[in-house]
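Next up, protein.cif (mmCIF, C-alpha atoms and all ligand atoms):
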```
data_coords
loop_
_atom_site.label_atom_id
_atom_site.label_comp_id
_atom_site.auth_asym_id
_atom_site.auth_seq_id
_atom_site.Cartn_x
_atom_site.Cartn_y
_atom_site.Cartn_z
CA MET A 1 0.00 0.00 0.00
CA ALA A 2 1.32 3.44 -0.89
CA VAL A 3 2.22 5.57 2.08
CA ILE A 4 0.20 8.79 2.07
CA MET A 5 1.07 11.14 4.85
CA ASP A 6 -0.23 14.27 6.43
CA PHE A 7 2.79 16.43 5.74
CA SER A 8 1.66 19.53 7.60
CA LEU A 9 3.81 20.01 10.65
CA SER A 10 2.10 20.83 13.93
CA GLU A 11 2.20 24.28 15.49
CA HIS A 12 4.57 22.83 18.04
CA HIS A 13 6.94 21.70 15.28
CA GLU A 14 6.80 25.08 13.57
CA LEU A 15 7.57 26.85 16.84
CA LEU A 16 10.49 24.50 17.45
CA ARG A 17 11.80 25.24 13.96
CA LYS A 18 11.65 28.97 14.58
CA THR A 19 13.32 28.67 17.98
CA VAL A 20 16.21 26.54 16.72
CA ARG A 21 16.59 28.68 13.57
CA ASP A 22 16.88 31.85 15.68
CA PHE A 23 19.38 30.15 17.97
CA ALA A 24 21.47 28.94 15.02
CA ARG A 25 21.46 32.43 13.45
CA THR A 26 22.49 34.27 16.58
CA GLU A 27 24.62 31.80 18.54
CA VAL A 28 26.14 29.54 15.88
CA LEU A 29 26.48 31.27 12.52
CA PRO A 30 28.64 34.17 13.78
CA HIS A 31 31.27 31.67 15.03
CA ALA A 32 31.00 28.84 12.52
CA ARG A 33 33.74 30.02 10.18
CA LYS A 34 36.20 30.56 13.03
CA TRP A 35 35.49 27.15 14.55
CA ASP A 36 35.99 25.59 11.12
CA GLU A 37 39.29 27.41 10.57
CA GLU A 38 40.56 26.47 14.00
CA GLU A 39 39.41 22.86 13.49
CA ARG A 40 38.38 23.01 17.12
CA PHE A 41 35.34 21.46 18.76
CA PRO A 42 33.49 24.43 20.32
CA LYS A 43 32.98 23.22 23.89
CA GLU A 44 31.59 26.65 24.85
CA ILE A 45 28.40 26.05 22.85
CA VAL A 46 27.55 22.81 24.70
CA PRO A 47 25.76 24.42 27.71
CA LYS A 48 23.67 26.53 25.30
CA LEU A 49 22.69 23.45 23.30
CA ALA A 50 21.72 21.74 26.55
CA ASP A 51 19.68 24.74 27.77
CA LEU A 52 17.64 24.59 24.58
CA GLY A 53 17.03 20.84 25.01
CA LEU A 54 19.09 19.97 21.95
CA LEU A 55 21.23 17.39 23.74
CA GLY A 56 18.28 15.37 25.00
CA ILE A 57 15.93 15.71 22.06
CA ARG A 58 14.58 12.15 22.23
CA ILE A 59 15.31 11.52 25.92
CA PRO A 60 12.08 11.32 27.94
CA GLU A 61 11.48 14.07 30.48
CA GLU A 62 11.79 11.60 33.37
CA TYR A 63 15.50 11.32 32.49
CA GLY A 64 15.89 15.08 32.07
CA GLY A 65 15.40 15.23 28.31
CA SER A 66 13.02 17.07 26.01
CA GLY A 67 10.96 13.98 25.13
CA MET A 68 10.46 15.04 21.52
CA ASP A 69 9.58 12.91 18.50
CA ILE A 70 11.72 11.99 15.50
CA THR A 71 10.18 14.74 13.38
CA SER A 72 11.40 17.23 16.00
CA TYR A 73 14.84 15.60 15.95
CA ALA A 74 15.00 16.13 12.18
CA ILE A 75 13.85 19.76 12.54
CA CYS A 76 16.54 20.51 15.15
CA VAL A 77 19.33 18.99 13.04
CA GLU A 78 18.12 20.70 9.86
CA GLU A 79 18.01 24.13 11.48
CA ILE A 80 21.45 23.84 13.10
CA ALA A 81 22.87 22.69 9.74
CA ARG A 82 21.62 25.86 8.05
CA ALA A 83 24.32 27.60 10.06
CA ASP A 84 26.93 24.91 10.71
CA GLY A 85 27.30 21.34 9.45
CA SER A 86 29.85 20.48 12.13
CA LEU A 87 27.53 21.32 14.99
CA ALA A 88 24.63 19.60 13.23
CA LEU A 89 26.75 16.45 13.02
CA THR A 90 27.43 16.71 16.75
CA VAL A 91 23.73 17.15 17.59
CA ALA A 92 22.72 14.36 15.20
CA SER A 93 25.25 11.80 16.41
CA HIS A 94 25.02 12.62 20.14
CA ASN A 95 21.23 12.29 20.12
CA GLY A 96 20.78 9.57 17.55
CA LEU A 97 23.74 7.25 17.96
CA GLY A 98 25.41 7.16 21.38
CA THR A 99 22.47 8.39 23.44
CA GLY A 100 19.97 6.72 21.12
CA HIS A 101 21.55 3.30 21.64
CA ILE A 102 21.21 3.54 25.43
CA LEU A 103 17.72 4.97 25.13
CA SER A 104 16.55 2.17 22.85
CA PHE A 105 18.39 -0.82 24.26
CA GLY A 106 19.82 0.11 27.66
CA ASN A 107 18.33 -1.10 30.93
CA GLU A 108 16.81 1.17 33.57
CA ASP A 109 20.07 1.56 35.54
CA GLN A 110 21.97 2.51 32.39
CA LYS A 111 19.31 5.02 31.36
CA LYS A 112 19.38 6.62 34.82
CA LYS A 113 23.15 6.77 34.81
CA TYR A 114 23.82 8.13 31.31
CA LEU A 115 20.78 9.92 29.93
CA PRO A 116 20.43 12.82 32.41
CA LYS A 117 24.12 13.69 32.04
CA ALA A 118 23.83 13.43 28.27
CA ALA A 119 20.79 15.75 28.24
CA ARG A 120 22.61 18.27 30.45
CA GLY A 121 25.63 18.18 28.17
CA GLU A 122 27.90 16.99 30.99
CA TRP A 123 28.67 13.90 28.93
CA LEU A 124 28.56 14.04 25.15
CA ALA A 125 27.98 10.64 23.60
CA ALA A 126 30.09 8.87 21.00
CA TRP A 127 29.18 5.69 19.12
CA ALA A 128 31.87 3.43 17.73
CA LEU A 129 31.04 0.97 14.99
CA THR A 130 33.48 1.75 12.15
CA GLU A 131 37.01 0.36 12.21
CA PRO A 132 40.06 0.85 9.99
CA GLY A 133 39.23 -2.37 8.13
CA SER A 134 35.42 -2.29 8.28
CA GLY A 135 33.23 0.60 7.15
CA SER A 136 30.47 -0.34 4.71
CA ASP A 137 30.99 -3.95 5.76
CA SER A 138 30.36 -2.93 9.35
CA ALA A 139 29.60 -6.46 10.56
CA GLY A 140 33.20 -7.33 9.65
CA LEU A 141 34.45 -5.50 12.75
CA ARG A 142 37.42 -6.98 14.59
CA THR A 143 37.32 -5.31 18.00
CA THR A 144 36.84 -8.10 20.53
CA ALA A 145 35.18 -8.32 23.91
CA ARG A 146 36.27 -11.39 25.88
CA ARG A 147 34.29 -12.51 28.91
CA ASP A 148 36.28 -12.58 32.13
CA GLY A 149 34.03 -13.51 35.07
CA ASP A 150 31.65 -10.58 35.68
CA ALA A 151 33.58 -8.36 33.33
CA TRP A 152 34.54 -8.01 29.65
CA VAL A 153 37.94 -7.18 28.21
CA LEU A 154 37.88 -5.04 25.05
CA ASN A 155 40.67 -4.86 22.47
CA GLY A 156 40.69 -3.15 19.08
CA THR A 157 40.66 0.09 17.12
CA LYS A 158 37.73 2.22 16.00
CA MET A 159 37.92 4.79 13.20
CA PHE A 160 36.20 8.12 12.40
CA ILE A 161 34.41 8.35 15.75
CA THR A 162 32.46 11.59 16.23
CA GLN A 163 32.83 13.03 19.76
CA GLY A 164 35.50 10.37 20.23
CA SER A 165 37.78 12.61 22.28
CA VAL A 166 35.31 15.17 23.68
CA GLY A 167 32.60 12.69 24.63
CA GLY A 168 32.02 11.50 28.18
CA PHE A 169 31.14 7.99 27.11
CA CYS A 170 31.21 5.85 24.03
CA VAL A 171 28.95 3.00 22.95
CA VAL A 172 31.27 0.43 21.38
CA LEU A 173 30.34 -2.49 19.16
CA ALA A 174 32.61 -5.50 19.70
CA ARG A 175 32.77 -9.12 18.63
CA THR A 176 31.76 -11.44 21.45
CA ASN A 177 31.36 -14.65 19.48
CA PRO A 178 33.67 -15.48 16.56
CA ASP A 179 31.99 -18.84 15.98
CA VAL A 180 28.68 -17.62 14.55
CA SER A 181 27.92 -15.65 11.37
CA LYS A 182 29.52 -12.22 11.55
CA GLN A 183 26.25 -10.33 12.11
CA LYS A 184 25.29 -12.52 15.05
CA GLY A 185 28.27 -12.40 17.39
CA ILE A 186 28.40 -8.66 18.12
CA THR A 187 27.55 -6.93 21.43
CA ALA A 188 27.38 -3.28 22.54
CA PHE A 189 29.16 -1.88 25.61
CA VAL A 190 29.29 1.58 27.09
CA VAL A 191 32.81 2.71 27.99
CA GLU A 192 33.46 5.89 29.94
CA HIS A 193 36.27 8.26 29.22
CA GLY A 194 39.09 7.81 31.66
CA THR A 195 38.71 4.02 31.66
CA LYS A 196 42.19 2.47 31.65
CA GLY A 197 43.33 1.43 28.17
CA PHE A 198 40.70 3.54 26.34
CA THR A 199 42.40 6.34 24.38
CA ALA A 200 41.65 8.77 21.58
CA SER A 201 44.73 7.79 19.60
CA LYS A 202 44.50 10.16 16.64
CA HIS A 203 42.60 13.32 15.64
CA LEU A 204 41.60 13.20 11.99
CA GLU A 205 41.96 16.26 9.76
CA LYS A 206 39.03 16.53 7.38
CA LEU A 207 37.71 18.26 4.25
CA GLY A 208 34.60 19.52 6.01
CA CYS A 209 32.78 19.44 9.34
CA ARG A 210 36.16 20.42 10.63
CA SER A 211 35.00 21.62 14.03
CA SER A 212 33.28 18.34 14.80
CA ASP A 213 35.51 15.97 16.75
CA THR A 214 36.53 12.93 14.65
CA VAL A 215 39.08 10.54 16.09
CA GLU A 216 40.54 7.09 16.04
CA LEU A 217 39.95 5.24 19.30
CA THR A 218 42.12 2.49 20.75
CA PHE A 219 41.02 -0.15 23.26
CA GLU A 220 43.87 -1.98 24.96
CA ASP A 221 42.72 -4.52 27.53
CA VAL A 222 39.87 -2.21 28.55
CA VAL A 223 37.96 -3.87 31.38
CA VAL A 224 34.26 -3.08 31.74
CA PRO A 225 31.83 -4.79 34.12
CA ASP A 226 28.92 -6.73 32.63
CA THR A 227 26.67 -3.93 33.87
CA GLN A 228 28.14 -1.84 31.03
CA ARG A 229 26.83 -4.24 28.39
CA ILE A 230 23.90 -2.77 26.46
CA GLY A 231 21.27 -5.16 25.22
CA GLU A 232 21.52 -8.90 24.70
CA ILE A 233 24.83 -10.67 24.22
CA ASP A 234 25.54 -11.23 20.49
CA HIS A 235 22.52 -9.10 19.54
CA GLY A 236 24.32 -5.78 19.06
CA PHE A 237 24.34 -5.76 15.28
CA THR A 238 20.57 -6.09 14.96
CA ASP A 239 20.21 -3.20 17.41
CA THR A 240 22.80 -1.23 15.44
CA MET A 241 20.80 -1.49 12.23
CA LYS A 242 17.80 0.03 14.02
CA ILE A 243 19.96 2.87 15.34
CA LEU A 244 21.26 3.56 11.83
CA ASP A 245 17.74 3.64 10.36
CA ARG A 246 16.89 6.57 12.62
CA GLY A 247 20.34 8.11 12.26
CA ARG A 248 19.89 8.26 8.51
CA ILE A 249 16.88 10.53 8.93
CA SER A 250 19.09 12.94 10.87
CA ILE A 251 21.81 12.89 8.21
CA ALA A 252 19.15 13.59 5.57
CA ALA A 253 18.00 16.51 7.76
CA MET A 254 21.56 17.77 8.07
CA ALA A 255 21.87 17.69 4.27
CA LEU A 256 18.62 19.67 3.97
CA GLY A 257 19.86 22.37 6.32
CA LEU A 258 23.14 22.74 4.48
CA GLY A 259 21.35 22.85 1.11
CA PHE A 260 18.66 25.31 2.17
CA GLY A 261 21.28 27.48 3.88
CA ALA A 262 23.30 27.57 0.65
CA LEU A 263 20.17 28.38 -1.36
CA GLU A 264 19.35 31.31 0.92
CA MET A 265 22.87 32.68 0.52
CA ALA A 266 22.76 32.20 -3.27
CA ILE A 267 19.46 34.08 -3.58
CA ALA A 268 20.77 37.00 -1.51
CA TYR A 269 24.02 37.12 -3.48
CA ALA A 270 22.30 36.87 -6.88
CA LYS A 271 20.09 39.84 -6.05
CA ASP A 272 23.03 41.88 -4.85
CA ARG A 273 25.81 41.08 -7.32
CA LYS A 274 25.73 43.11 -10.55
CA GLN A 275 27.36 42.19 -13.85
CA PHE A 276 26.59 43.69 -17.28
CA ASN A 277 24.78 46.48 -15.35
CA LYS A 278 22.16 44.22 -13.82
CA PRO A 279 21.83 41.87 -10.86
CA ILE A 280 22.97 38.38 -11.85
CA ALA A 281 19.55 37.18 -10.56
CA GLU A 282 18.13 38.53 -13.81
CA PHE A 283 20.11 36.04 -15.90
CA GLN A 284 18.10 32.97 -16.75
CA ALA A 285 21.10 30.67 -16.22
CA VAL A 286 21.25 31.80 -12.59
CA GLN A 287 17.48 31.59 -12.15
CA TRP A 288 17.47 28.00 -13.41
CA MET A 289 20.16 27.01 -10.94
CA LEU A 290 18.07 28.49 -8.11
CA ALA A 291 14.93 26.76 -9.39
CA ASP A 292 16.68 23.37 -9.59
CA MET A 293 18.12 23.79 -6.08
CA LYS A 294 14.74 24.62 -4.58
CA THR A 295 12.93 21.82 -6.43
CA GLU A 296 15.42 19.14 -5.42
CA LEU A 297 15.67 20.33 -1.82
CA ASP A 298 11.89 20.42 -1.43
CA ALA A 299 11.69 16.87 -2.81
CA ALA A 300 14.40 15.85 -0.36
CA GLN A 301 12.50 17.51 2.47
CA LEU A 302 9.35 15.58 1.61
CA LEU A 303 11.29 12.30 1.64
CA THR A 304 12.96 13.18 4.94
CA TYR A 305 9.81 14.20 6.79
CA ARG A 306 7.94 11.21 5.37
CA ALA A 307 10.57 8.91 6.89
CA ALA A 308 10.39 10.80 10.21
CA TRP A 309 6.59 10.67 10.19
CA LEU A 310 6.61 6.92 9.55
CA ALA A 311 9.07 6.42 12.40
CA ASP A 312 6.89 8.52 14.70
CA GLN A 313 3.86 6.42 13.71
CA GLY A 314 5.74 3.24 14.67
CA ARG A 315 5.56 2.05 11.07
CA PRO A 316 8.44 0.49 9.07
CA PHE A 317 10.75 3.16 7.68
CA THR A 318 14.06 1.47 6.79
CA LYS A 319 13.65 1.95 3.04
CA GLU A 320 12.24 5.45 3.39
CA ALA A 321 15.09 6.56 5.69
CA SER A 322 17.66 5.32 3.19
CA MET A 323 15.82 6.99 0.29
CA ALA A 324 15.72 10.25 2.21
CA LYS A 325 19.43 10.11 3.09
CA LEU A 326 20.47 9.10 -0.41
CA PHE A 327 18.47 11.79 -2.19
CA ALA A 328 18.89 14.58 0.35
CA SER A 329 22.67 14.17 0.64
CA GLU A 330 23.24 14.16 -3.10
CA ALA A 331 20.74 17.02 -3.63
CA ALA A 332 22.52 19.04 -0.93
CA SER A 333 25.91 18.55 -2.57
CA ARG A 334 24.46 19.64 -5.92
CA ALA A 335 22.74 22.64 -4.31
CA CYS A 336 25.88 23.76 -2.44
CA ASN A 337 27.93 23.38 -5.62
CA LYS A 338 25.45 25.53 -7.56
CA ALA A 339 25.34 28.08 -4.75
CA LEU A 340 29.12 28.39 -4.94
CA GLN A 341 28.90 28.76 -8.72
CA ILE A 342 26.43 31.62 -8.30
CA HIS A 343 28.91 33.32 -5.96
CA GLY A 344 31.60 33.07 -8.67
CA GLY A 345 35.18 33.64 -7.50
CA TYR A 346 34.00 35.07 -4.19
CA GLY A 347 32.29 31.77 -3.42
CA TYR A 348 35.62 30.04 -3.77
CA THR A 349 37.10 32.23 -1.05
CA ARG A 350 36.53 31.83 2.65
CA GLU A 351 34.95 35.28 2.78
CA PHE A 352 31.57 33.61 2.24
CA HIS A 353 30.04 30.65 4.07
CA VAL A 354 29.08 28.83 0.91
CA GLU A 355 32.38 26.95 0.44
CA ARG A 356 32.04 25.60 4.00
CA HIS A 357 28.55 24.34 3.23
CA LEU A 358 29.86 22.53 0.14
CA ARG A 359 32.67 20.90 2.15
CA ASP A 360 30.34 20.00 5.03
CA ALA A 361 27.65 18.54 2.77
CA LYS A 362 29.94 15.86 1.34
CA ILE A 363 29.96 13.89 4.60
CA CYS A 364 26.20 13.33 4.26
CA GLU A 365 26.93 11.10 1.24
CA ILE A 366 29.37 9.02 3.33
CA GLY A 367 28.53 8.92 7.05
CA GLU A 368 26.03 6.36 8.43
CA GLY A 369 26.31 4.42 5.18
CA THR A 370 27.53 5.72 1.84
CA SER A 371 25.16 6.49 -1.06
CA GLU A 372 26.10 3.11 -2.52
CA VAL A 373 25.12 1.37 0.73
CA GLN A 374 21.80 3.25 0.78
CA ARG A 375 21.07 1.96 -2.72
CA ILE A 376 21.84 -1.57 -1.50
CA VAL A 377 19.44 -1.13 1.45
CA ILE A 378 16.67 0.27 -0.77
CA ALA A 379 17.04 -2.44 -3.41
CA LYS A 380 17.10 -5.17 -0.76
CA GLN A 381 13.82 -3.86 0.66
CA LEU A 382 12.29 -3.77 -2.82
CA LEU A 383 13.30 -7.31 -3.61
CA VAL A 384 12.10 -9.10 -0.47
C1 LIG B 1 33.41 12.78 9.53
C2 LIG B 1 33.02 11.36 9.78
C3 LIG B 1 32.34 11.03 10.94
C4 LIG B 1 32.00 9.68 11.20
N1 LIG B 1 31.42 9.37 12.42
C5 LIG B 1 31.29 8.06 12.74
C6 LIG B 1 30.87 7.68 14.06
O1 LIG B 1 30.60 8.53 14.92
N2 LIG B 1 30.80 6.37 14.36
C7 LIG B 1 31.10 5.39 13.45
O2 LIG B 1 31.02 4.20 13.80
N3 LIG B 1 31.49 5.70 12.19
C8 LIG B 1 31.61 7.02 11.82
N4 LIG B 1 32.03 7.35 10.56
C9 LIG B 1 32.36 6.30 9.60
C10 LIG B 1 31.43 6.23 8.39
O3 LIG B 1 30.19 5.69 8.75
C11 LIG B 1 32.16 5.39 7.32
O4 LIG B 1 33.21 6.21 6.82
C12 LIG B 1 31.25 4.96 6.18
O5 LIG B 1 30.32 4.01 6.64
C13 LIG B 1 32.05 4.35 5.01
O6 LIG B 1 32.98 3.42 5.44
P1 LIG B 1 34.52 3.53 4.92
O7 LIG B 1 34.94 4.94 5.15
O8 LIG B 1 35.30 2.46 5.55
O9 LIG B 1 34.42 3.31 3.36
P2 LIG B 1 34.44 1.89 2.57
O10 LIG B 1 33.43 0.98 3.17
O11 LIG B 1 35.83 1.42 2.48
O12 LIG B 1 33.93 2.34 1.14
C14 LIG B 1 34.79 2.87 0.13
C15 LIG B 1 33.96 3.01 -1.14
O13 LIG B 1 33.54 1.69 -1.57
C16 LIG B 1 32.14 1.66 -1.71
N5 LIG B 1 31.60 0.35 -1.36
C17 LIG B 1 31.90 -0.39 -0.27
N6 LIG B 1 31.20 -1.52 -0.27
C18 LIG B 1 30.41 -1.50 -1.38
C19 LIG B 1 29.46 -2.39 -1.95
N7 LIG B 1 29.11 -3.55 -1.37
N8 LIG B 1 28.86 -2.02 -3.12
C20 LIG B 1 29.16 -0.86 -3.72
N9 LIG B 1 30.07 0.02 -3.23
C21 LIG B 1 30.68 -0.30 -2.08
C22 LIG B 1 31.62 2.74 -0.76
O14 LIG B 1 30.31 3.17 -1.08
C23 LIG B 1 32.69 3.81 -0.94
O15 LIG B 1 32.41 4.56 -2.10
C24 LIG B 1 32.34 8.70 10.26
C25 LIG B 1 33.00 9.04 9.08
C26 LIG B 1 33.36 10.35 8.84
C27 LIG B 1 34.15 10.66 7.58
#
```

Once you've parsed the file, please lay out its structure as structure tokens.
Amino acid sequence: MAVIMDFSLSEHHELLRKTVRDFARTEVLPHARKWDEEERFPKEIVPKLADLGLLGIRIPEEYGGSGMDITSYAICVEEIARADGSLALTVASHNGLGTGHILSFGNEDQKKKYLPKAARGEWLAAWALTEPGSGSDSAGLRTTARRDGDAWVLNGTKMFITQGSVGGFCVVLARTNPDVSKQKGITAFVVEHGTKGFTASKHLEKLGCRSSDTVELTFEDVVVPDTQRIGEIDHGFTDTMKILDRGRISIAAMALGLGFGALEMAIAYAKDRKQFNKPIAEFQAVQWMLADMKTELDAAQLLTYRAAWLADQGRPFTKEASMAKLFASEAASRACNKALQIHGGYGYTREFHVERHLRDAKICEIGEGTSEVQRIVIAKQLLV
């Protein structure tokens, strides 16, 4: 049956959008270029994010969070991304991945211990699945967790972990049973910063999202009690796929924000910049670029909020989340590229934000499953 949705957002959602947009304009945009140039995670913004409820978006109020739905989560990420892709990536991954894993699969003690601190911004959350040798083939991970009485001993290396060095805790996926098929023998653990043998071994320098914290993590005989295990033993990969389904909606939303932000800048610039004695907005070539950007981004927005709406309804949304991420990320890259083109040589300089949007948007085609992986997920769902 075709999925028809009521796309109109509630008054509450519209108010949230306005609130986060205002915050992003006044508190984020003025600093975004500097943070990017310094390649520094802006710790000073964390308390402000927490005050606005942006670090506990999905966390129920009983654990100190905002208790909002997935549509709200997408709105928050989209609006932050209009100003800064790096901070949007932080908000998306903190809420959706690290915190989301505990929220969805943690027990009551774990929720009480980690969620309030996450919502207050005292502990940012990281989530470590990817390894140097396993990215798209994420079930091929080699980090091990060996049972030792009431504890587990973790060994291995994780790659590209967001909030890996600034986070207070990290949810780590490790192999607990090498004797079953690779998807079946994986378990999740939460490891706190400061635990012996757990180190952020390398900061990674990146093309974009340069003020988000991306590191390699090393686990050397890291001992964690069984109380730090999240979910069932050997069931971590199934849980991980569910986390990624939701995460993909947030990456689609991040792409939307970057794309719409670039469109807004391109419109303003096209009206202002004169060549041949008229604003370049009067040239049809420029108008067509703007029209294509808006059309593709609106289509991407419909896909994204359809996926969020399905998730909020408790209906299946795996395919729709992948479609949203695939289309929105590629549409955002195209839109940012066109926005830079409209800015001409000035767009290529760091004087304008548009080049940062183009660099930041690229990660949306890679993180939480590349475009190629999204096509695999979509096709698999079509062919069942
Ligand atoms: C800035 C940043 C932040 C990140 N944050 C996190 C994080 O917080 N936690 C985390 O766990 N991971 C994180 N990642 C990792 C990210 O999810 C992976 O980079 C991504 O899944 C791709 O894996 P890979 O880089 O190993 O590429 P590979 O898997 O090596 O892919 C290389 C190329 O081969 C293609 N390819 C691979 N397999 C297939 C196939 N079967 N069919 C067709 N094409 C294929 C890919 O699409 C890609 O084009 C982050 C990455 C970046 C860059």

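Residue nearest His31 in chain A within the list A:Lys113, A:His353, A:Ala266, A:Ile342: A:His353 [criterion: smallest interatomic distance, all atoms listed in the file].
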
Q) Of the residues A:Asp137, A:Glu122, A:Glu62, A:Asp179, which is the one nearest to ligand LIG 1 (chain B), using only C-alpha atoms and all ligand atoms? A)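 Residue with the minimum atom-to-atom distance to ligand LIG 1 (chain B): A:Asp137.
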
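Straight-line separation from CA of Gln381 in chain A to CA of Ile251 in chain A: 20.0 Å.
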
Need to verify the contact set: range 20-25 of chain A, 8 Å, only C-alpha atoms, exclusion of same-chain residues closer than 4 positions in sequence. Can you return it as a JSON list (two decimals) with C-alpha atoms, keeping the file's coordinate frame?
```json
[["chain", "number", "residue", "atom", "x", "y", "z"],
["A", 16, "LEU", "CA", 10.49, 24.50, 17.45],
["A", 29, "LEU", "CA", 26.48, 31.27, 12.52],
["A", 30, "PRO", "CA", 28.64, 34.17, 13.78],
["A", 76, "CYS", "CA", 16.54, 20.51, 15.15],
["A", 79, "GLU", "CA", 18.01, 24.13, 11.48],
["A", 80, "ILE", "CA", 21.45, 23.84, 13.10],
["A", 82, "ARG", "CA", 21.62, 25.86, 8.05],
["A", 83, "ALA", "CA", 24.32, 27.60, 10.06]]
```

Q: Could you tell me which of A:His193, A:Arg58, A:Lys325, A:Arg315 comes closest to Ile363 in chain A if we count all atoms listed in the file?
A: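 Going through A:His193, A:Arg58, A:Lys325, A:Arg315 one by one, the smallest distance to Ile363 in chain A is for A:Lys325.
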
Q. In Å, how far is it from atom O13 of ligand LIG 1 (chain B) to CA of Ala324 in chain A?
A.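 Pair atom O13 of ligand LIG 1 (chain B) / CA of Ala324 in chain A returns 20.1 Å.
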
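For Leu382 in chain A, the list of residues within 12 Å, based on all atoms listed in the file and with local chain neighbours fewer than 2 positions off taken out, reads A:Thr318, A:Lys319, A:Glu320, A:Met323, A:Arg375, A:Ile376, A:Val377, A:Ile378, A:Ala379, A:Lys380, A:Val384.
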
(Q) Residues within 12 Å of Arg306 in chain A, please, as a PyMOL selection string. Count only C-alpha atoms; anything in the same chain fewer than 5 positions from it doesn't count. (A) chain A and resi 2-9+70-71+74+249+252-253+299-301+311-313+315-325

**Q.** 9 Å shell around ligand LIG 1 (chain B) using only C-alpha atoms and all ligand atoms, listed as a PyMOL selection string
**A.** chain A and resi 86+89-90+93-94+97-98+126-138+158-164+172-173+204+206-210+212-215+363-376

Output C-alpha atoms for every residue in that selection, as a PDB file, keeping the file's coordinate frame.
```
ATOM      1  CA  SER A  86      29.850  20.480  12.130  1.00  0.00           C
ATOM      2  CA  LEU A  89      26.750  16.450  13.020  1.00  0.00           C
ATOM      3  CA  THR A  90      27.430  16.710  16.750  1.00  0.00           C
ATOM      4  CA  SER A  93      25.250  11.800  16.410  1.00  0.00           C
ATOM      5  CA  HIS A  94      25.020  12.620  20.140  1.00  0.00           C
ATOM      6  CA  LEU A  97      23.740   7.250  17.960  1.00  0.00           C
ATOM      7  CA  GLY A  98      25.410   7.160  21.380  1.00  0.00           C
ATOM      8  CA  ALA A 126      30.090   8.870  21.000  1.00  0.00           C
ATOM      9  CA  TRP A 127      29.180   5.690  19.120  1.00  0.00           C
ATOM     10  CA  ALA A 128      31.870   3.430  17.730  1.00  0.00           C
ATOM     11  CA  LEU A 129      31.040   0.970  14.990  1.00  0.00           C
ATOM     12  CA  THR A 130      33.480   1.750  12.150  1.00  0.00           C
ATOM     13  CA  GLU A 131      37.010   0.360  12.210  1.00  0.00           C
ATOM     14  CA  PRO A 132      40.060   0.850   9.990  1.00  0.00           C
ATOM     15  CA  GLY A 133      39.230  -2.370   8.130  1.00  0.00           C
ATOM     16  CA  SER A 134      35.420  -2.290   8.280  1.00  0.00           C
ATOM     17  CA  GLY A 135      33.230   0.600   7.150  1.00  0.00           C
ATOM     18  CA  SER A 136      30.470  -0.340   4.710  1.00  0.00           C
ATOM     19  CA  ASP A 137      30.990  -3.950   5.760  1.00  0.00           C
ATOM     20  CA  SER A 138      30.360  -2.930   9.350  1.00  0.00           C
ATOM     21  CA  LYS A 158      37.730   2.220  16.000  1.00  0.00           C
ATOM     22  CA  MET A 159      37.920   4.790  13.200  1.00  0.00           C
ATOM     23  CA  PHE A 160      36.200   8.120  12.400  1.00  0.00           C
ATOM     24  CA  ILE A 161      34.410   8.350  15.750  1.00  0.00           C
ATOM     25  CA  THR A 162      32.460  11.590  16.230  1.00  0.00           C
ATOM     26  CA  GLN A 163      32.830  13.030  19.760  1.00  0.00           C
ATOM     27  CA  GLY A 164      35.500  10.370  20.230  1.00  0.00           C
ATOM     28  CA  VAL A 172      31.270   0.430  21.380  1.00  0.00           C
ATOM     29  CA  LEU A 173      30.340  -2.490  19.160  1.00  0.00           C
ATOM     30  CA  LEU A 204      41.600  13.200  11.990  1.00  0.00           C
ATOM     31  CA  LYS A 206      39.030  16.530   7.380  1.00  0.00           C
ATOM     32  CA  LEU A 207      37.710  18.260   4.250  1.00  0.00           C
ATOM     33  CA  GLY A 208      34.600  19.520   6.010  1.00  0.00           C
ATOM     34  CA  CYS A 209      32.780  19.440   9.340  1.00  0.00           C
ATOM     35  CA  ARG A 210      36.160  20.420  10.630  1.00  0.00           C
ATOM     36  CA  SER A 212      33.280  18.340  14.800  1.00  0.00           C
ATOM     37  CA  ASP A 213      35.510  15.970  16.750  1.00  0.00           C
ATOM     38  CA  THR A 214      36.530  12.930  14.650  1.00  0.00           C
ATOM     39  CA  VAL A 215      39.080  10.540  16.090  1.00  0.00           C
ATOM     40  CA  ILE A 363      29.960  13.890   4.600  1.00  0.00           C
ATOM     41  CA  CYS A 364      26.200  13.330   4.260  1.00  0.00           C
ATOM     42  CA  GLU A 365      26.930  11.100   1.240  1.00  0.00           C
ATOM     43  CA  ILE A 366      29.370   9.020   3.330  1.00  0.00           C
ATOM     44  CA  GLY A 367      28.530   8.920   7.050  1.00  0.00           C
ATOM     45  CA  GLU A 368      26.030   6.360   8.430  1.00  0.00           C
ATOM     46  CA  GLY A 369      26.310   4.420   5.180  1.00  0.00           C
ATOM     47  CA  THR A 370      27.530   5.720   1.840  1.00  0.00           C
ATOM     48  CA  SER A 371      25.160   6.490  -1.060  1.00  0.00           C
ATOM     49  CA  GLU A 372      26.100   3.110  -2.520  1.00  0.00           C
ATOM     50  CA  VAL A 373      25.120   1.370   0.730  1.00  0.00           C
ATOM     51  CA  GLN A 374      21.800   3.250   0.780  1.00  0.00           C
ATOM     52  CA  ARG A 375      21.070   1.960  -2.720  1.00  0.00           C
ATOM     53  CA  ILE A 376      21.840  -1.570  -1.500  1.00  0.00           C
TER      54      ILE A 376
END
```
